[in-house]
Structure formats: structure tokens, C-alpha cells
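Student: Just dropping this structure here.
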Amino acid sequence: MEKVSSKQMNSIDNFCIKAIGIPGIVLMENAALKIVKNIDLDKYDKFTIISGVGNNGGDGLAVGRHLSILDKNVDIFVIGDVRKGSKDFGTNYSILRNMNIPIHHILGIEDLKYLQKSIDSSQMIIDSIFGTGLSRKVEGLFERTISTMNKSNNYILSVDIPSGLNSDTGEVLNTCVKADKTITLQLLKKGLVLNEGKKYSGEIIVETIGMPKIAIEKGLRTF
Ligand SMILES: NC(=O)C1=CN([C@@H]2O[C@H](COP(=O)(O)OP(=O)(O)OC[C@H]3O[C@@H](n4cnc5c(N)ncnc54)[C@H](O)[C@@H]3O)[C@@H](O)[C@H]2O)[C@@H](O)CC1
Ligand SMILES: [K+]
């Protein structure tokens, strides 16, 4: 199984989007549907989704949309400055707003009690805080959010990478979500199986999201 670095993944993304013309939002929607495909909908009805404001967060918001359309009970939390959100995150954020689906923003410590309340009454936590874009140590409110998640005994499903894990080296950047399952998109990220990757990823499932071979080969050759 091909293992890729985040740089390689980014160049594959870019080739897909810029050279071939598959919009990022299409890849994000494919990712969301593959995440939902891996959830046992007969077993799980109540979800707490915690999203960052990058494309990993966008994946999580799209998952939240699909689960609520399937009449599941979904609490959606966003952590990070929405104004600094990525383009595709913004698209999914405004779709949820237009659907009048409530979004809770984790802006300060006091918001963690709402998160705790949601976690106490849900069966599954979906972690879409950070993916391959994690670029520095996890601190402050992000650190406290992740420790709130890890303290619960809910089932935790991570989108692409357990948030806090360096997707290239498998190092934990101060703290990391301890996932029961990680659905990684298109290709296996090296960090998932290096150092502490296995411990924090739980069961790893690779799901393709519609990236053509030509893009993958080109991207792999670049780095
Ligand atoms: N680019 C694409 O076409 C696709 C990307 N996908 C998803 O996009 C992810 C990569 O998205 P991005 O590159 O936007 O990055 P991420 O969404 O992984 O994270 C970047 C965000 O986290 C913030 N951040 C990074 N480190 C932080 C720290 N220590 N503390 C606080 N904030 C921090 C950044 O400011 C940025 O807002 C992948 O993991 C995957 O889940 C998928 O949607 C598939 C398609
Ligand atoms: K994640």
C-alpha cells in the first residue's frame, strides 16, 4: 500500500483541482459520503461532530449535513476562526446555516460545557478538527477540546488523521485525539503507521475519493 506524505497529498490535490479541474468541493463531498458509508447507521443515532475551519473541518460539516438529512441527531461544533476558514469549509458552513442546522462555536472555555453536554448524550464523536494541515503544537482551547473528547468513552471516528497527529512522522504534537477508527482519504498517510500513529488512529480504513491515477502518479513524482 502506497504511503504518502502531506506534501505529496497536497500536490496530488492540487493536480486534481488545478490541472484536471475536479473542484475541491467535489473531493470533499466524495470524502463525506465515504465517511458516512463507514458508519453503522443501525447502531448510531446520536453524533457530536467537532470541526476545525480547514478542509478537514469542511469534511466534517458535510458529514453532519448527510447525517442530519438521514434524520440522525447531530450536534455540530466548530473550533477556530470561521473568518479564516478555507473556501470549501466556507461552502459547507453556509449550506448548514441555510438549512437552519445549529452550529455551536467553541470560542472560550465556557463553551466546553456545551460540548461536554453533547458528548454525554451522544454515541459517536466525529473528529474533523485537523487533518494533513496540522502545522504546529496543539495548545489552548484546541488542547482542552481534545482532552474533553478523549475523556469520554464515546466511540471516536477521525476524519483522515486523528487530530493532533503529525501526518508525516506519526508524532503527537502535544496532544492527540485517541480514535477508535480513522477513515483516511484516498491514500494512506505515512504518519498513521509511524511512531504513535497506530496507537492514536485505531482501526485505519483507506477510502478513495475520486482522484484519478494520473493525478496520484504526478503528485507522487513531485516529492
Ligand atoms: N484539498 C482537498 O482537495 C481535499 C482535502 N481534504 C481534507 O482536507 C484536509 C487538509 O485540509 P487543510 O489543508 O485545509 O488543513 P486542515 O483542515 O488539516 O487544518 C488546517 C487548519 O487548522 C489550523 N491549524 C493547523 N495547526 C493548528 C494548531 N496546532 N492549532 C490551531 N489551529 C491549527 C490551520 O490554521 C487551518 O485552519 C485533509 O486532511 C482532508 O481531511 C478532503 O476534503 C479531500 C479533498
Ligand atoms: K481529523
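In the C-alpha cells, each chain is lettered A, B, ... as it comes, each chain's residues begin at 1, and ligands are numbered from 1 in order of appearance.
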Go through the chains and note each residue within 7 Å of ligand 1, using only C-alpha atoms and all ligand atoms, then give the set as an MDAnalysis selection string.
Tutor: chainID A and resid 10 13 17 24 27:28 31 52:59 80 84:86 129:139 142 159:161 185
Student: Contacts of Tyr114 of chain A at 9 Å or less, counting only C-alpha atoms, minus same-chain residues fewer than 5 places along, as a PyMOL selection string?
Tutor: chain A and resi 104+106+119
Student: If you run DSSP on this backbone, which residues of segment 57-100 of chain A come out as helix (DSSP H, G or I), and could you give them as number ranges by chain?
Tutor: A: 57-69, 82-84, 87-98
Student: Tell me which protein, DNA and RNA residues are within 12 Å of Met211 of chain A, counting only C-alpha atoms, leaving out same-chain ones fewer than 4 positions away, and put them as a tab-separated table (two decimals) with N, CA and C atoms, in the first residue's frame.
Tutor:
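Saved result, selection.tsv, follows:
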```tsv
chain	number	residue	atom	x	y	z
A	9	MET	N	0.47	14.57	-0.81
A	9	MET	CA	-1.01	14.62	-0.85
A	9	MET	C	-1.45	15.98	-1.37
A	11	SER	N	0.18	17.94	-3.35
A	11	SER	CA	0.44	18.13	-4.80
A	11	SER	C	-0.53	17.28	-5.61
A	12	ILE	N	-0.96	16.14	-5.05
A	12	ILE	CA	-2.00	15.35	-5.74
A	12	ILE	C	-3.32	16.13	-5.76
A	13	ASP	N	-3.66	16.72	-4.59
A	13	ASP	CA	-4.88	17.57	-4.51
A	13	ASP	C	-4.83	18.66	-5.56
A	14	ASN	N	-3.67	19.36	-5.57
A	14	ASN	CA	-3.54	20.50	-6.50
A	14	ASN	C	-3.65	20.06	-7.95
A	15	PHE	N	-3.01	18.93	-8.28
A	15	PHE	CA	-3.06	18.46	-9.67
A	15	PHE	C	-4.51	18.15	-10.04
A	16	CYS	N	-5.22	17.49	-9.12
A	16	CYS	CA	-6.64	17.15	-9.35
A	16	CYS	C	-7.45	18.40	-9.62
A	17	ILE	N	-7.26	19.38	-8.73
A	17	ILE	CA	-8.12	20.57	-8.76
A	17	ILE	C	-7.69	21.51	-9.87
A	20	ILE	N	-6.52	19.03	-13.57
A	20	ILE	CA	-7.59	18.22	-14.16
A	20	ILE	C	-8.93	18.95	-14.04
A	21	GLY	N	-9.09	19.73	-12.98
A	21	GLY	CA	-10.32	20.53	-12.88
A	21	GLY	C	-11.41	19.92	-12.02
A	22	ILE	N	-11.02	18.95	-11.19
A	22	ILE	CA	-12.02	18.42	-10.24
A	22	ILE	C	-12.07	19.40	-9.06
A	23	PRO	N	-13.18	20.11	-8.87
A	23	PRO	CA	-13.22	21.10	-7.78
A	23	PRO	C	-13.00	20.44	-6.41
A	24	GLY	N	-12.32	21.14	-5.53
A	24	GLY	CA	-12.07	20.61	-4.18
A	24	GLY	C	-13.36	20.21	-3.48
A	26	VAL	N	-15.93	18.89	-4.73
A	26	VAL	CA	-16.37	17.56	-5.20
A	26	VAL	C	-15.60	16.49	-4.42
A	27	LEU	N	-14.29	16.71	-4.26
A	27	LEU	CA	-13.48	15.75	-3.49
A	27	LEU	C	-13.97	15.70	-2.04
A	28	MET	N	-14.33	16.87	-1.51
A	28	MET	CA	-14.80	16.95	-0.12
A	28	MET	C	-16.13	16.20	0.03
A	30	ASN	N	-17.18	13.76	-1.91
A	30	ASN	CA	-16.87	12.33	-2.01
A	30	ASN	C	-16.36	11.81	-0.66
A	31	ALA	N	-15.48	12.62	-0.03
A	31	ALA	CA	-14.92	12.21	1.26
A	31	ALA	C	-16.04	12.02	2.28
A	185	LEU	N	-8.31	9.50	3.63
A	185	LEU	CA	-8.87	9.75	2.31
A	185	LEU	C	-7.86	9.53	1.20
A	186	GLN	N	-8.25	8.72	0.26
A	186	GLN	CA	-7.56	8.39	-0.99
A	186	GLN	C	-6.33	7.52	-0.80
A	187	LEU	N	-5.38	8.02	0.05
A	187	LEU	CA	-4.12	7.26	0.23
A	187	LEU	C	-3.74	7.22	1.70
A	207	GLU	N	-10.18	5.11	2.15
A	207	GLU	CA	-11.32	5.23	1.23
A	207	GLU	C	-10.94	6.18	0.09
A	215	ALA	N	-3.37	11.82	-11.56
A	215	ALA	CA	-3.07	12.84	-10.55
A	215	ALA	C	-2.18	12.25	-9.45
A	216	ILE	N	-2.48	11.02	-9.07
A	216	ILE	CA	-1.72	10.38	-8.00
A	216	ILE	C	-0.28	10.16	-8.43
A	217	GLU	N	-0.11	9.63	-9.65
A	217	GLU	CA	1.26	9.38	-10.14
A	217	GLU	C	2.04	10.69	-10.24
A	218	LYS	N	1.39	11.71	-10.78
A	218	LYS	CA	2.06	13.01	-10.96
A	218	LYS	C	2.44	13.57	-9.58
A	219	GLY	N	1.50	13.50	-8.64
A	219	GLY	CA	1.75	14.04	-7.31
A	219	GLY	C	2.85	13.30	-6.58
```
Student: If we count only C-alpha atoms and set the cut-off at 12 Å, which residues sit around Ser147 of chain A, ignoring sequence neighbours fewer than 6 positions away in its own chain? Please answer as a ChimeraX atom specification.
Tutor: /A:112,115-116,138-141,153,163-164,174-178
